[in-house]
Amino acid sequence: MHGGPYGSARIFLAESIKTMVFFLQMVFAGLSVGAVYALIALGLNLTFWTTRVLNFGQGSVLMIGAMLTAVLIGYGVNLLLAVLIALAATCLVLIVTEMVAIRPLLKAGGSMGWVVSTLGVGVFLQGLASLVFGTQAVAFPDVLFSSSATLQIFGAWVSVQYIAVFVISVVIVGLMELFLRRSTWGYGVRAVAHDRELASLMGIPVRKVVLLSFAVSGLLAGVAGILVSQISGTVDPGFGLHLLILAFVAAVVGGMGSAVGALIAGLGLGVLEKLIAGYYSPAAAQTVAFVLLVAVLAVRPQGLLGKKEMVKV
Amino acid sequence: MNPLHMLGKAISSPWLVGGVCIAAAAGASFADQGTVQMWCFLIVNIMLAQSINVLTGVAGQISLGHAGFLAIGSYAAAILLKDYGLTFPVAVVASVLISAAVGYVLAIPSGRVREFYLAMMSLAFGLIVYELVREWRGMTGGVMGMRGIPSPGLGTLEVFGWRVSPEWYFRIMLVSLIGMMIMLRNFIKSHFGRAFYAIHVSEIAAGSLGISSGGTKRFAYALSGGIAGLAAGFYAFLVGYITPESFTLMRSVEILVMAVVGGLGSLVGQVLGAGLFTYLPQQLQAFSDYQYIVYGLILVFSFTVLPRGLAGLLGTQTRYSKHDQLSGQELELDSVLSQRSGSGQALVEVCDVVMSFSGLRALDGVSLTVRRGTVTGLVGPNGSGKSTLVNVISGMYTPTVGDVYFKGEKISGWPAHRVARAGVTRTFQDPRNVPSFSVRENILMGAHRLYAHGAFAASVNSAGAQREEGRFLACTQGLMEAAGLSAYADDPVGDLPYGIQRLVEVARALASDPELLLLDEPAAGLSDTEAERLMALVRMARDHGVGVMLIDHHMDFLEELVDEVVTFDAGQEIYRGDMAGMRNDPAVIEAYLGKEETNHA
Amino acid sequence: MLELRDISVSYGAIDAVKCVDLSAASGTITALIGANGAGKSSLLKAVSGLVKPKAGQILLDGYDIGALEPHERARLGIAHALEGRRLFHQHTVEENLVTAWHFRHPSGDFKRAVDQVYANFPILAERRRLKAGTLSGGQQQMLILSMATLHEPRLVLLDEPSLGLAPIIVSQIYEFIRGYCDEGGRTVVLSEQMASLALKVADQGYVLRQGEVVQSGESDQLKGDGVAGAYLG
């Protein structure tokens, strides 16, 4: 079979196809997970726009959404109901975070306060989850399609779940962008993000807009947590941190003011991460993400699509 | 003094601390190994808390991944001793240097980003060190960790043939801790510590005193790394077996919690925080289950419930001057400022400066000279470019077109701290003092650019360092008297009325012994008495040959002080001369009030 | 229709406004004149609700609005154009107008109101899809004025509307303001550093110095040297 005049050529071709397939599989996995990074980044951006606060506990909120879904389904709760309960919980967590960990600290001034307190929320949730659900990883059930369902794209077998996650994430980001540009609430958020005082003079109830943005950020975090757990297969109390950092890199590289920017950056980052992790190691991938973050912050802090902020004396 | 403060004073008394240390050193021979080991862990935690405090509490650079330093130092020390045969003391020193170097490198990107970007980066740093340590199996043993590290507990640690027992290891650690703490205390109380705190509060104000925020941050990171490296070096041999799981986010959180609860900014507070969180987990059996929950809640509520931590409660916050250590020298009031010669000579020359911000011309071809020993007033309506001019001269902005010369040298394009170091000092529209510093400490900080002694000399209180500090403390005393602030010397500036804060800022500017003084609306909000005192300070400067430029709107105030007044409108000079002429000048009147319609027909 | 009784505003230790009394009748334009730092902006912010006065009362048509949040006062019919040409720079001209209209729940037709704006300022019609930040200073001020008036509020507060603008644009703007007020049932309070400019169009004026009213009266009475004294000492 491997002999004859065309034998070595056939081996070469087979090897090339394998390499190509491997490459493509990494790319598809990267696109899928990258789309989720973009979704998480959008959630971070939303609260940042309205309060200039970055929620360092967002990673744990992702985890709570995924954990609750997995555990409730494990107890036999109807899938849709489980997801709804989990999303309601993440929504509530974000609102409580705003009222307890952010608003009081913004009043006191300075930025160290809310960084530490939102991190505290994250740590608290992690502790709570460990206590209630145990510290071991929990298998995540098949919420979307079956984990064994696959499709062939360009010769590579891709899990349908990956595709579903990609599509859902992109659609949500797109819907959010549409909401922000067209709906009344979107106008409110953009106005508050731009100039809070001016927004209140326009008759915009700033406080309500802020709370609403936190609620939506909670929903996005819950959905993202479920999606990312679906493709990784498990969820454990500590998994939010690494996602938070990567989502943050996506948000910064894409420019903190832009949802589309976050999407492009997220996808790029996801693909880059999977490729490096696949060909080298996961740690190398994280280091590259870190270096990328540092490089962007040093050279072009407003990101690829963001606007420069001038500091007046 | 309330009872808690009395307790605080008692705890931090050198006699008590010394006594406890001697008792512990002696008692180590009699206590059981478990207890001694706990004491060692306590020392490690104290060092880590001090390390993060220098960076986060004093210099204001938040660090959420501090366990990364601990990991780097521990693995470095263990590997150097085990695989490369270095002796224990050298391994510890190497750990200090390596961690300091890592800190220095980390400061380079960290120095330029806003606080929360920095927080995220520090978080990423901790995570990446963890991941690298897990992956790098060849060096670190990977997930399984490094076993068989020589340790006093197992009797396997030897230094030059001498087997180190647990109690002697403790004594070595204790001595190292005491040495480190004494040096750190002196350092914090010197102008270096003040510089660290200054960039925490306001990088811009620090720049105006000659403090380079980039250089200071690198120093803070390196120092913090070094101290963590010291803890790490001891830690590795203490435990004898290290795995990546000792350096997770939880460890970073623990270090942060110790520092925050103890009280960020306070040296004594760190000891208290470390003590609390070393012993509490031991006492409460169930603690480990609830650890994350407790730490999480502490981090959420500590800044609102107890913003200054235990140190705040007990009143043991660190003071940033050696006023209590050095006996005051006496100084002639007149020699607080140097006598500058060459009165009337051109000091600073602004040549055809245009300052443009995306199309808006804040300064439109301005040429100006300020002379030694004169006071020049600068007036004009809102938006006319007065503050912009001060910002250009002081180095905050680089002119779009044109140059600024100071003592014949071109300074346009220099960073603000370099301009300040050359002898140009400015004040701001809102007094930018350090609110938690006393009046004395704020004014003393003004002298920053004049200090000659280095960090090591400051840390050991060398004779030269003491002499220099004594001289500047005396200057500060003189300035406080000149400004009528002596009664407030040790009060925190943030609690004082606005007018006093303004006088403190101006006195601080004078403490830098400037050649050129730029004052931005100093008389705003001042009472008549305070304005009088301000005038006296300005006159004192002028009489010593300092060139003064003064922006203000209070015409009566200016009338008594200025030799010449310049009026600006829309970025250009429209009048130069004396005050009386200005009042009657039609161009000036039009600038303020608008054109009067001449035809009422 | 607007009455301020004994209003004092402080920012920490600084007293920006000290015991000011002011009244403005419906259908009039009131000018607040004074140097930088005299307290004009603080006074306007107290009326629109951006700052809470330390003491005193604010009455709109006899009703004490002191407890209302800024957005509630906006919905009552108070419009405030801040100093420094503040608008939503990243939004287009049209989006700025939408934002200025929608949240106040005004009666009337948005399209008609916008058409009126474009009729008043044709240059805005030309630039309706451009980002507001790209407009010139004068055009931005026209947009800000339009945003402040398109829903026909009964009280319009303008903080230094002429700052940094060419005289010809300034007259256009003042013409518009006078025209708006003459429509009936509306009150305008504007602050200016350029006293003569403001007094030309205003019915009455208040001269402020370091937070206090040093002169007040009908604008004819105020013109002249007395006002200059408040600035130049």
# chains A, B, ... in the order shown; residues from 1 in each chain; ligands from 1

call {"tool": "closest_atom_pairs", "arguments": {"of": "chain A", "to": "chain B", "cutoff": "6 Å", "atoms": "only C-alpha atoms", "output": "JSON lines"}}
result
{"residue": "A:Ala101", "atom": "CA", "partner": "B:Val300", "partner_atom": "CA", "distance": 5.9}
{"residue": "A:Val116", "atom": "CA", "partner": "B:Leu299", "partner_atom": "CA", "distance": 5.9}
{"residue": "A:Ser117", "atom": "CA", "partner": "B:Val300", "partner_atom": "CA", "distance": 3.9}
{"residue": "A:Gly120", "atom": "CA", "partner": "B:Gly296", "partner_atom": "CA", "distance": 4.1}
{"residue": "A:Val121", "atom": "CA", "partner": "B:Gly296", "partner_atom": "CA", "distance": 5.8}
{"residue": "A:Val123", "atom": "CA", "partner": "B:Gly296", "partner_atom": "CA", "distance": 4.8}
{"residue": "A:Phe124", "atom": "CA", "partner": "B:Gly296", "partner_atom": "CA", "distance": 4.1}
{"residue": "A:Gly127", "atom": "CA", "partner": "B:Tyr292", "partner_atom": "CA", "distance": 4.4}
{"residue": "A:Ala283", "atom": "CA", "partner": "B:Glu131", "partner_atom": "CA", "distance": 5.4}

call {"tool": "write_last_selection", "arguments": {"atoms": "C-alpha atoms", "output": "mmCIF file, in the first residue's frame"}}
result
data_model
loop_
_atom_site.group_PDB
_atom_site.id
_atom_site.type_symbol
_atom_site.label_atom_id
_atom_site.label_comp_id
_atom_site.auth_asym_id
_atom_site.auth_seq_id
_atom_site.Cartn_x
_atom_site.Cartn_y
_atom_site.Cartn_z
ATOM 1 C CA ALA A 101 -19.373 46.303 46.233
ATOM 2 C CA VAL A 116 -10.496 44.793 45.632
ATOM 3 C CA SER A 117 -14.188 44.604 46.479
ATOM 4 C CA GLY A 120 -13.800 39.908 46.870
ATOM 5 C CA VAL A 121 -17.193 39.102 45.402
ATOM 6 C CA VAL A 123 -13.580 35.021 45.796
ATOM 7 C CA PHE A 124 -16.712 34.825 47.943
ATOM 8 C CA GLY A 127 -15.942 29.816 48.270
ATOM 9 C CA ALA A 283 0.887 27.792 29.549
#

call {"tool": "interface_residues", "arguments": {"of": "chain B", "to": "chain C", "cutoff": "12 Å", "atoms": "only C-alpha atoms", "output": "ChimeraX atom specification"}}
result
/B:358-362,379-384,429-430,494-502,521,524-527,552-559,567,569-571,579-586,588-598,600

call {"tool": "atom_distance", "arguments": {"atom1": "atom CA of B:Leu310", "atom2": "atom CA of B:Gly273"}}
result
7.7 Å

call {"tool": "closest_atom_pairs", "arguments": {"of": "chain A", "to": "chain C", "cutoff": "9 Å", "atoms": "only C-alpha atoms", "output": "Markdown table"}}
result
| residue | atom | partner | partner_atom | distance |
| --- | --- | --- | --- | --- |
| A:Thr184 | CA | C:His102 | CA | 7.7 |
| A:Tyr187 | CA | C:Thr99 | CA | 6.7 |
| A:Gly188 | CA | C:Thr99 | CA | 7.6 |
| A:Arg190 | CA | C:His91 | CA | 8.8 |
| A:Ala191 | CA | C:Phe88 | CA | 7.0 |
| A:His194 | CA | C:Phe88 | CA | 6.6 |
| A:Asp195 | CA | C:Phe88 | CA | 7.3 |
| A:Glu197 | CA | C:Leu50 | CA | 7.1 |
| A:Leu198 | CA | C:Leu87 | CA | 7.3 |
| A:Ala199 | CA | C:His71 | CA | 8.1 |
| A:Ser200 | CA | C:His71 | CA | 4.8 |
| A:Leu201 | CA | C:His71 | CA | 5.6 |
| A:Met202 | CA | C:Ala100 | CA | 5.3 |
| A:Gly203 | CA | C:His71 | CA | 3.9 |
| A:Ile204 | CA | C:His71 | CA | 5.6 |
| A:Pro205 | CA | C:His71 | CA | 5.8 |
| A:Val206 | CA | C:His71 | CA | 7.9 |

call {"tool": "write_last_selection", "arguments": {"atoms": "N, CA and C atoms", "output": "mmCIF file, in the first residue's frame"}}
result
data_model
loop_
_atom_site.group_PDB
_atom_site.id
_atom_site.type_symbol
_atom_site.label_atom_id
_atom_site.label_comp_id
_atom_site.auth_asym_id
_atom_site.auth_seq_id
_atom_site.Cartn_x
_atom_site.Cartn_y
_atom_site.Cartn_z
ATOM 1 N N THR A 184 -34.253 52.468 22.726
ATOM 2 C CA THR A 184 -34.237 53.578 23.676
ATOM 3 C C THR A 184 -33.247 53.297 24.792
ATOM 4 N N TYR A 187 -29.777 53.861 23.725
ATOM 5 C CA TYR A 187 -29.421 55.283 23.722
ATOM 6 C C TYR A 187 -29.086 55.746 25.129
ATOM 7 N N GLY A 188 -29.886 55.233 26.074
ATOM 8 C CA GLY A 188 -29.644 55.607 27.462
ATOM 9 C C GLY A 188 -28.274 55.167 27.933
ATOM 10 N N ARG A 190 -25.629 54.428 26.130
ATOM 11 C CA ARG A 190 -24.554 55.141 25.442
ATOM 12 C C ARG A 190 -24.407 56.557 25.968
ATOM 13 N N ALA A 191 -25.535 57.180 26.288
ATOM 14 C CA ALA A 191 -25.464 58.537 26.832
ATOM 15 C C ALA A 191 -24.797 58.539 28.198
ATOM 16 N N HIS A 194 -21.141 58.037 27.945
ATOM 17 C CA HIS A 194 -20.423 59.174 27.401
ATOM 18 C C HIS A 194 -20.255 60.287 28.427
ATOM 19 N N ASP A 195 -21.343 60.635 29.088
ATOM 20 C CA ASP A 195 -21.322 61.798 29.979
ATOM 21 C C ASP A 195 -22.517 61.695 30.924
ATOM 22 N N GLU A 197 -23.497 63.253 33.704
ATOM 23 C CA GLU A 197 -24.224 64.458 34.096
ATOM 24 C C GLU A 197 -25.131 64.902 32.970
ATOM 25 N N LEU A 198 -24.560 64.974 31.791
ATOM 26 C CA LEU A 198 -25.326 65.410 30.635
ATOM 27 C C LEU A 198 -26.523 64.487 30.430
ATOM 28 N N ALA A 199 -26.296 63.186 30.592
ATOM 29 C CA ALA A 199 -27.386 62.232 30.418
ATOM 30 C C ALA A 199 -28.523 62.514 31.393
ATOM 31 N N SER A 200 -28.186 62.808 32.636
ATOM 32 C CA SER A 200 -29.263 63.058 33.596
ATOM 33 C C SER A 200 -30.036 64.321 33.228
ATOM 34 N N LEU A 201 -29.336 65.294 32.636
ATOM 35 C CA LEU A 201 -30.025 66.511 32.216
ATOM 36 C C LEU A 201 -30.968 66.256 31.044
ATOM 37 N N MET A 202 -30.707 65.160 30.328
ATOM 38 C CA MET A 202 -31.590 64.817 29.207
ATOM 39 C C MET A 202 -32.845 64.086 29.687
ATOM 40 N N GLY A 203 -32.924 63.898 30.989
ATOM 41 C CA GLY A 203 -34.090 63.191 31.501
ATOM 42 C C GLY A 203 -33.863 61.692 31.642
ATOM 43 N N ILE A 204 -32.619 61.249 31.467
ATOM 44 C CA ILE A 204 -32.329 59.818 31.563
ATOM 45 C C ILE A 204 -32.148 59.438 33.028
ATOM 46 N N PRO A 205 -32.926 58.441 33.487
ATOM 47 C CA PRO A 205 -32.775 58.020 34.888
ATOM 48 C C PRO A 205 -31.502 57.202 35.044
ATOM 49 N N VAL A 206 -30.426 57.883 35.366
ATOM 50 C CA VAL A 206 -29.094 57.262 35.342
ATOM 51 C C VAL A 206 -29.021 56.015 36.211
#

call {"tool": "select_by_dssp", "arguments": {"residues": "stretch 61-304 of chain A", "states": "strand (DSSP E or B)", "output": "list in words"}}
result
Val138, Ala139, Thr150, Leu151, Gln152, Ile153, Ala156, Trp157, Val158, Ser159, Thr234 and Val235 of chain A

call {"tool": "residues_around", "arguments": {"residues": "stretch 182-189 of chain C", "least_positions_apart": "4", "cutoff": "12 Å", "atoms": "only C-alpha atoms", "output": "PyMOL selection string"}}
result
chain C and resi 1-3+22-33+40-41+43-45+47-48+60-61+77-81+145+148-149+151-161+174-178+198-199+201-206

call {"tool": "residues_around", "arguments": {"residues": "B:Leu42", "least_positions_apart": "4", "cutoff": "10 Å", "atoms": "only C-alpha atoms", "output": "list in words"}}
result
Val36, Gln37, Met38, Ile46, Met47, Leu48, Val271, Ala274, Gly275, Leu276, Phe277, Thr278 and Tyr279 of chain B

call {"tool": "select_by_dssp", "arguments": {"residues": "stretch 116-313 of chain A", "states": "helix (DSSP H, G or I)", "output": "PyMOL selection string"}}
result
chain A and resi 116-133+160-182+184-194+196-201+206-232+240-254+259-279+282-299
